[in-house]
Amino acid sequence: MGAATDGITRVFMWEENARIEVRNLGGEIVIEANAAGLKTLAGHLLTLAQDGTPDGAHLHLEENNGLEQGSVGMVLERCDDE
């Protein structure tokens with residue numbers, strides 16, 4: 001999966017058999033994933049952290065778009081403002 005922001009394309013890779021579920025338990029969010037899913041999330045975060053990636057670059061993860069059925073949506077976003 002790729003995303004372009006300000007003309008810069010970043011490629012988000014998925015590990016084979018990655019499984020990621022996100023649940024909202026009211027006062028906390030639980031991200032449950034198998035090893036492949038955890039590697040996938042780590043890779044997504046490293047992609048957003050690359051030099052030259054602009055502030056505001058982000059990736060939407062939703063049910064049927066990377067997350068398991070029943071998951072709540074999640075956005076990974078780079079924000080360099082302090």
# chains A, B, ... in the order shown; residues from 1 in each chain; ligands from 1
$ select_by_dssp --residues "chain A" --states "strand (DSSP E or B)" --output "PyMOL selection string"
chain A and resi 2-5+8-11+20-24+29-33+58-63+65-67+74-77
$ write_last_selection --atoms "C-alpha atoms" --output "mmCIF file, in the first residue's frame"
data_model
loop_
_atom_site.group_PDB
_atom_site.id
_atom_site.type_symbol
_atom_site.label_atom_id
_atom_site.label_comp_id
_atom_site.auth_asym_id
_atom_site.auth_seq_id
_atom_site.Cartn_x
_atom_site.Cartn_y
_atom_site.Cartn_z
ATOM 1 C CA GLY A 2 1.392 3.402 -0.898
ATOM 2 C CA ALA A 3 0.541 6.924 0.154
ATOM 3 C CA ALA A 4 1.647 10.211 -1.390
ATOM 4 C CA THR A 5 1.910 13.425 0.590
ATOM 5 C CA ILE A 8 6.539 12.164 -1.747
ATOM 6 C CA THR A 9 5.411 8.545 -2.011
ATOM 7 C CA ARG A 10 5.847 6.236 0.957
ATOM 8 C CA VAL A 11 5.225 2.510 0.615
ATOM 9 C CA ILE A 20 -4.175 -6.732 13.672
ATOM 10 C CA GLU A 21 -7.226 -6.005 15.796
ATOM 11 C CA VAL A 22 -7.950 -2.677 17.510
ATOM 12 C CA ARG A 23 -10.498 -2.499 20.325
ATOM 13 C CA ASN A 24 -11.804 0.469 22.292
ATOM 14 C CA ILE A 29 -7.284 1.213 23.332
ATOM 15 C CA VAL A 30 -6.012 -2.343 22.854
ATOM 16 C CA ILE A 31 -3.989 -3.260 19.780
ATOM 17 C CA GLU A 32 -3.802 -7.032 19.502
ATOM 18 C CA ALA A 33 -1.655 -8.547 16.767
ATOM 19 C CA HIS A 58 -0.709 9.589 7.745
ATOM 20 C CA LEU A 59 -2.125 6.132 7.162
ATOM 21 C CA HIS A 60 -5.712 5.049 7.866
ATOM 22 C CA LEU A 61 -6.215 1.512 9.132
ATOM 23 C CA GLU A 62 -9.805 0.319 9.274
ATOM 24 C CA GLU A 63 -11.890 -2.811 9.353
ATOM 25 C CA ASN A 65 -8.504 -2.162 5.230
ATOM 26 C CA GLY A 66 -5.768 -3.869 7.211
ATOM 27 C CA LEU A 67 -7.604 -4.525 10.467
ATOM 28 C CA MET A 74 -6.995 3.897 13.681
ATOM 29 C CA VAL A 75 -4.865 6.600 12.080
ATOM 30 C CA LEU A 76 -1.066 6.638 12.255
ATOM 31 C CA GLU A 77 0.043 10.237 11.685
#
$ residues_around --residues "A:Ala18" --least-positions-apart "4" --cutoff "10 Å" --atoms "only C-alpha atoms" --output "mmCIF file with N, CA, C and O atoms, in the first residue's frame"
data_model
loop_
_atom_site.group_PDB
_atom_site.id
_atom_site.type_symbol
_atom_site.label_atom_id
_atom_site.label_comp_id
_atom_site.auth_asym_id
_atom_site.auth_seq_id
_atom_site.Cartn_x
_atom_site.Cartn_y
_atom_site.Cartn_z
ATOM 1 N N TRP A 14 3.137 -4.885 4.047
ATOM 2 C CA TRP A 14 2.402 -5.780 4.941
ATOM 3 C C TRP A 14 3.104 -7.127 4.981
ATOM 4 O O TRP A 14 3.408 -7.710 3.949
ATOM 5 N N ALA A 33 -2.187 -8.123 18.061
ATOM 6 C CA ALA A 33 -1.655 -8.547 16.767
ATOM 7 C C ALA A 33 -0.773 -9.774 16.932
ATOM 8 O O ALA A 33 -0.163 -9.973 17.987
ATOM 9 N N ASN A 34 -0.711 -10.571 15.867
ATOM 10 C CA ASN A 34 0.245 -11.670 15.864
ATOM 11 C C ASN A 34 1.620 -11.084 15.530
ATOM 12 O O ASN A 34 1.766 -9.871 15.307
ATOM 13 N N ALA A 35 2.659 -11.930 15.488
ATOM 14 C CA ALA A 35 4.015 -11.444 15.238
ATOM 15 C C ALA A 35 4.099 -10.695 13.911
ATOM 16 O O ALA A 35 4.719 -9.625 13.826
ATOM 17 N N ALA A 36 3.466 -11.231 12.874
ATOM 18 C CA ALA A 36 3.485 -10.571 11.562
ATOM 19 C C ALA A 36 2.781 -9.220 11.627
ATOM 20 O O ALA A 36 3.212 -8.255 10.997
ATOM 21 N N GLY A 37 1.702 -9.131 12.387
ATOM 22 C CA GLY A 37 0.983 -7.871 12.547
ATOM 23 C C GLY A 37 1.812 -6.833 13.286
ATOM 24 O O GLY A 37 1.817 -5.658 12.929
ATOM 25 N N LEU A 38 2.525 -7.267 14.324
ATOM 26 C CA LEU A 38 3.382 -6.339 15.061
ATOM 27 C C LEU A 38 4.525 -5.832 14.182
ATOM 28 O O LEU A 38 4.860 -4.648 14.204
ATOM 29 N N LYS A 39 5.107 -6.718 13.379
ATOM 30 C CA LYS A 39 6.159 -6.291 12.441
ATOM 31 C C LYS A 39 5.603 -5.310 11.416
ATOM 32 O O LYS A 39 6.266 -4.339 11.045
ATOM 33 N N THR A 40 4.379 -5.542 10.976
ATOM 34 C CA THR A 40 3.732 -4.651 10.017
ATOM 35 C C THR A 40 3.542 -3.265 10.624
ATOM 36 O O THR A 40 3.882 -2.252 10.009
ATOM 37 N N LEU A 41 3.001 -3.197 11.845
ATOM 38 C CA LEU A 41 2.811 -1.902 12.510
ATOM 39 C C LEU A 41 4.139 -1.187 12.724
ATOM 40 O O LEU A 41 4.246 0.024 12.495
ATOM 41 N N GLY A 66 -6.932 -3.572 6.394
ATOM 42 C CA GLY A 66 -5.768 -3.869 7.211
ATOM 43 C C GLY A 66 -6.081 -4.388 8.591
ATOM 44 O O GLY A 66 -5.254 -5.061 9.193
ATOM 45 N N LEU A 67 -7.249 -4.069 9.124
ATOM 46 C CA LEU A 67 -7.604 -4.525 10.467
ATOM 47 C C LEU A 67 -8.648 -5.635 10.418
ATOM 48 O O LEU A 67 -9.407 -5.735 9.463
ATOM 49 N N GLU A 68 -8.667 -6.419 11.464
ATOM 50 C CA GLU A 68 -9.609 -7.526 11.569
ATOM 51 C C GLU A 68 -11.052 -7.021 11.691
ATOM 52 O O GLU A 68 -11.300 -5.894 12.128
#
$ select_by_dssp --residues "chain A" --states "helix (DSSP H, G or I)" --output "list of chain:residue names"
A:Ala35, A:Ala36, A:Gly37, A:Leu38, A:Lys39, A:Thr40, A:Leu41, A:Ala42, A:Gly43, A:His44, A:Leu45, A:Leu46, A:Thr47, A:Leu48
$ write_last_selection --atoms "C-alpha atoms" --output "CSV table (one decimal), in the first residue's frame"
chain,number,residue,atom,x,y,z
A,35,ALA,CA,4.0,-11.4,15.2
A,36,ALA,CA,3.5,-10.6,11.6
A,37,GLY,CA,1.0,-7.9,12.5
A,38,LEU,CA,3.4,-6.3,15.1
A,39,LYS,CA,6.2,-6.3,12.4
A,40,THR,CA,3.7,-4.7,10.0
A,41,LEU,CA,2.8,-1.9,12.5
A,42,ALA,CA,6.5,-1.3,13.3
A,43,GLY,CA,7.2,-1.0,9.7
A,44,HIS,CA,4.4,1.5,9.1
A,45,LEU,CA,5.7,3.6,12.0
A,46,LEU,CA,9.3,3.5,10.7
A,47,THR,CA,8.0,4.5,7.2
A,48,LEU,CA,6.3,7.6,8.7
$ residues_around --residues "A:Asp81" --least-positions-apart "4" --cutoff "12 Å" --atoms "only C-alpha atoms" --output "list in words"
Pro54, Asp55, Gly56 and Glu77 of chain A
$ write_last_selection --atoms "all heavy atoms" --output "mmCIF file, in the first residue's frame"
data_model
loop_
_atom_site.group_PDB
_atom_site.id
_atom_site.type_symbol
_atom_site.label_atom_id
_atom_site.label_comp_id
_atom_site.auth_asym_id
_atom_site.auth_seq_id
_atom_site.Cartn_x
_atom_site.Cartn_y
_atom_site.Cartn_z
ATOM 1 N N PRO A 54 6.788 14.416 5.251
ATOM 2 C CA PRO A 54 6.257 15.693 5.745
ATOM 3 C C PRO A 54 5.337 15.542 6.958
ATOM 4 O O PRO A 54 4.718 14.498 7.171
ATOM 5 C CB PRO A 54 5.481 16.234 4.544
ATOM 6 C CG PRO A 54 5.141 15.048 3.725
ATOM 7 C CD PRO A 54 6.218 14.040 3.962
ATOM 8 N N ASP A 55 5.297 16.598 7.738
ATOM 9 C CA ASP A 55 4.364 16.698 8.852
ATOM 10 C C ASP A 55 2.949 16.471 8.322
ATOM 11 O O ASP A 55 2.590 16.961 7.256
ATOM 12 C CB ASP A 55 4.484 18.101 9.457
ATOM 13 C CG ASP A 55 3.685 18.264 10.720
ATOM 14 O OD1 ASP A 55 3.827 17.435 11.623
ATOM 15 O OD2 ASP A 55 2.918 19.249 10.793
ATOM 16 N N GLY A 56 2.170 15.684 9.015
ATOM 17 C CA GLY A 56 0.793 15.422 8.597
ATOM 18 C C GLY A 56 0.628 14.184 7.738
ATOM 19 O O GLY A 56 -0.500 13.770 7.479
ATOM 20 N N GLU A 77 -0.253 8.931 12.288
ATOM 21 C CA GLU A 77 0.043 10.237 11.685
ATOM 22 C C GLU A 77 1.342 10.815 12.240
ATOM 23 O O GLU A 77 1.584 10.745 13.445
ATOM 24 C CB GLU A 77 -1.092 11.216 11.942
ATOM 25 C CG GLU A 77 -0.877 12.563 11.294
ATOM 26 C CD GLU A 77 -2.087 13.475 11.419
ATOM 27 O OE1 GLU A 77 -3.117 13.060 11.960
ATOM 28 O OE2 GLU A 77 -1.979 14.617 10.974
#
$ decode --residues "stretch 4-82 of chain A" --atoms "C-alpha atoms" --output "mmCIF file, in the first residue's frame"
data_model
loop_
_atom_site.group_PDB
_atom_site.id
_atom_site.type_symbol
_atom_site.label_atom_id
_atom_site.label_comp_id
_atom_site.auth_asym_id
_atom_site.auth_seq_id
_atom_site.Cartn_x
_atom_site.Cartn_y
_atom_site.Cartn_z
ATOM 1 C CA ALA A 4 1.647 10.211 -1.390
ATOM 2 C CA THR A 5 1.910 13.425 0.590
ATOM 3 C CA ASP A 6 3.350 16.619 -0.878
ATOM 4 C CA GLY A 7 4.538 14.607 -3.876
ATOM 5 C CA ILE A 8 6.539 12.164 -1.747
ATOM 6 C CA THR A 9 5.411 8.545 -2.011
ATOM 7 C CA ARG A 10 5.847 6.236 0.957
ATOM 8 C CA VAL A 11 5.225 2.510 0.615
ATOM 9 C CA PHE A 12 3.631 0.697 3.539
ATOM 10 C CA MET A 13 4.504 -3.007 3.428
ATOM 11 C CA TRP A 14 2.402 -5.780 4.941
ATOM 12 C CA GLU A 15 3.916 -8.954 6.364
ATOM 13 C CA GLU A 16 2.324 -12.158 5.091
ATOM 14 C CA ASN A 17 -0.477 -13.399 7.381
ATOM 15 C CA ALA A 18 -0.476 -10.181 9.433
ATOM 16 C CA ARG A 19 -3.419 -9.974 11.810
ATOM 17 C CA ILE A 20 -4.175 -6.732 13.672
ATOM 18 C CA GLU A 21 -7.226 -6.005 15.796
ATOM 19 C CA VAL A 22 -7.950 -2.677 17.510
ATOM 20 C CA ARG A 23 -10.498 -2.499 20.325
ATOM 21 C CA ASN A 24 -11.804 0.469 22.292
ATOM 22 C CA LEU A 25 -12.388 -0.596 25.897
ATOM 23 C CA GLY A 26 -13.682 2.797 26.970
ATOM 24 C CA GLY A 27 -10.713 4.109 28.932
ATOM 25 C CA GLU A 28 -8.031 2.459 26.825
ATOM 26 C CA ILE A 29 -7.284 1.213 23.332
ATOM 27 C CA VAL A 30 -6.012 -2.343 22.854
ATOM 28 C CA ILE A 31 -3.989 -3.260 19.780
ATOM 29 C CA GLU A 32 -3.802 -7.032 19.502
ATOM 30 C CA ALA A 33 -1.655 -8.547 16.767
ATOM 31 C CA ASN A 34 0.245 -11.670 15.864
ATOM 32 C CA ALA A 35 4.015 -11.444 15.238
ATOM 33 C CA ALA A 36 3.485 -10.571 11.562
ATOM 34 C CA GLY A 37 0.983 -7.871 12.547
ATOM 35 C CA LEU A 38 3.382 -6.339 15.061
ATOM 36 C CA LYS A 39 6.159 -6.291 12.441
ATOM 37 C CA THR A 40 3.732 -4.651 10.017
ATOM 38 C CA LEU A 41 2.811 -1.902 12.510
ATOM 39 C CA ALA A 42 6.479 -1.331 13.350
ATOM 40 C CA GLY A 43 7.250 -0.999 9.653
ATOM 41 C CA HIS A 44 4.414 1.489 9.149
ATOM 42 C CA LEU A 45 5.721 3.636 12.002
ATOM 43 C CA LEU A 46 9.290 3.493 10.655
ATOM 44 C CA THR A 47 8.008 4.498 7.218
ATOM 45 C CA LEU A 48 6.313 7.563 8.698
ATOM 46 C CA ALA A 49 9.501 8.379 10.644
ATOM 47 C CA GLN A 50 11.711 8.456 7.504
ATOM 48 C CA ASP A 51 13.639 11.634 6.808
ATOM 49 C CA GLY A 52 11.785 13.801 4.323
ATOM 50 C CA THR A 53 8.342 12.540 5.311
ATOM 51 C CA PRO A 54 6.257 15.693 5.745
ATOM 52 C CA ASP A 55 4.364 16.698 8.852
ATOM 53 C CA GLY A 56 0.793 15.422 8.597
ATOM 54 C CA ALA A 57 1.621 12.320 6.546
ATOM 55 C CA HIS A 58 -0.709 9.589 7.745
ATOM 56 C CA LEU A 59 -2.125 6.132 7.162
ATOM 57 C CA HIS A 60 -5.712 5.049 7.866
ATOM 58 C CA LEU A 61 -6.215 1.512 9.132
ATOM 59 C CA GLU A 62 -9.805 0.319 9.274
ATOM 60 C CA GLU A 63 -11.890 -2.811 9.353
ATOM 61 C CA ASN A 64 -11.442 -4.503 5.953
ATOM 62 C CA ASN A 65 -8.504 -2.162 5.230
ATOM 63 C CA GLY A 66 -5.768 -3.869 7.211
ATOM 64 C CA LEU A 67 -7.604 -4.525 10.467
ATOM 65 C CA GLU A 68 -9.609 -7.526 11.569
ATOM 66 C CA GLN A 69 -13.407 -7.603 11.429
ATOM 67 C CA GLY A 70 -14.919 -5.720 14.381
ATOM 68 C CA SER A 71 -11.904 -3.426 14.850
ATOM 69 C CA VAL A 72 -12.234 0.290 15.452
ATOM 70 C CA GLY A 73 -10.443 2.527 12.964
ATOM 71 C CA MET A 74 -6.995 3.897 13.681
ATOM 72 C CA VAL A 75 -4.865 6.600 12.080
ATOM 73 C CA LEU A 76 -1.066 6.638 12.255
ATOM 74 C CA GLU A 77 0.043 10.237 11.685
ATOM 75 C CA ARG A 78 3.333 12.070 11.761
ATOM 76 C CA CYS A 79 3.235 15.326 13.723
ATOM 77 C CA ASP A 80 6.475 17.239 14.159
ATOM 78 C CA ASP A 81 4.887 20.132 16.093
ATOM 79 C CA GLU A 82 6.042 20.273 19.672
#
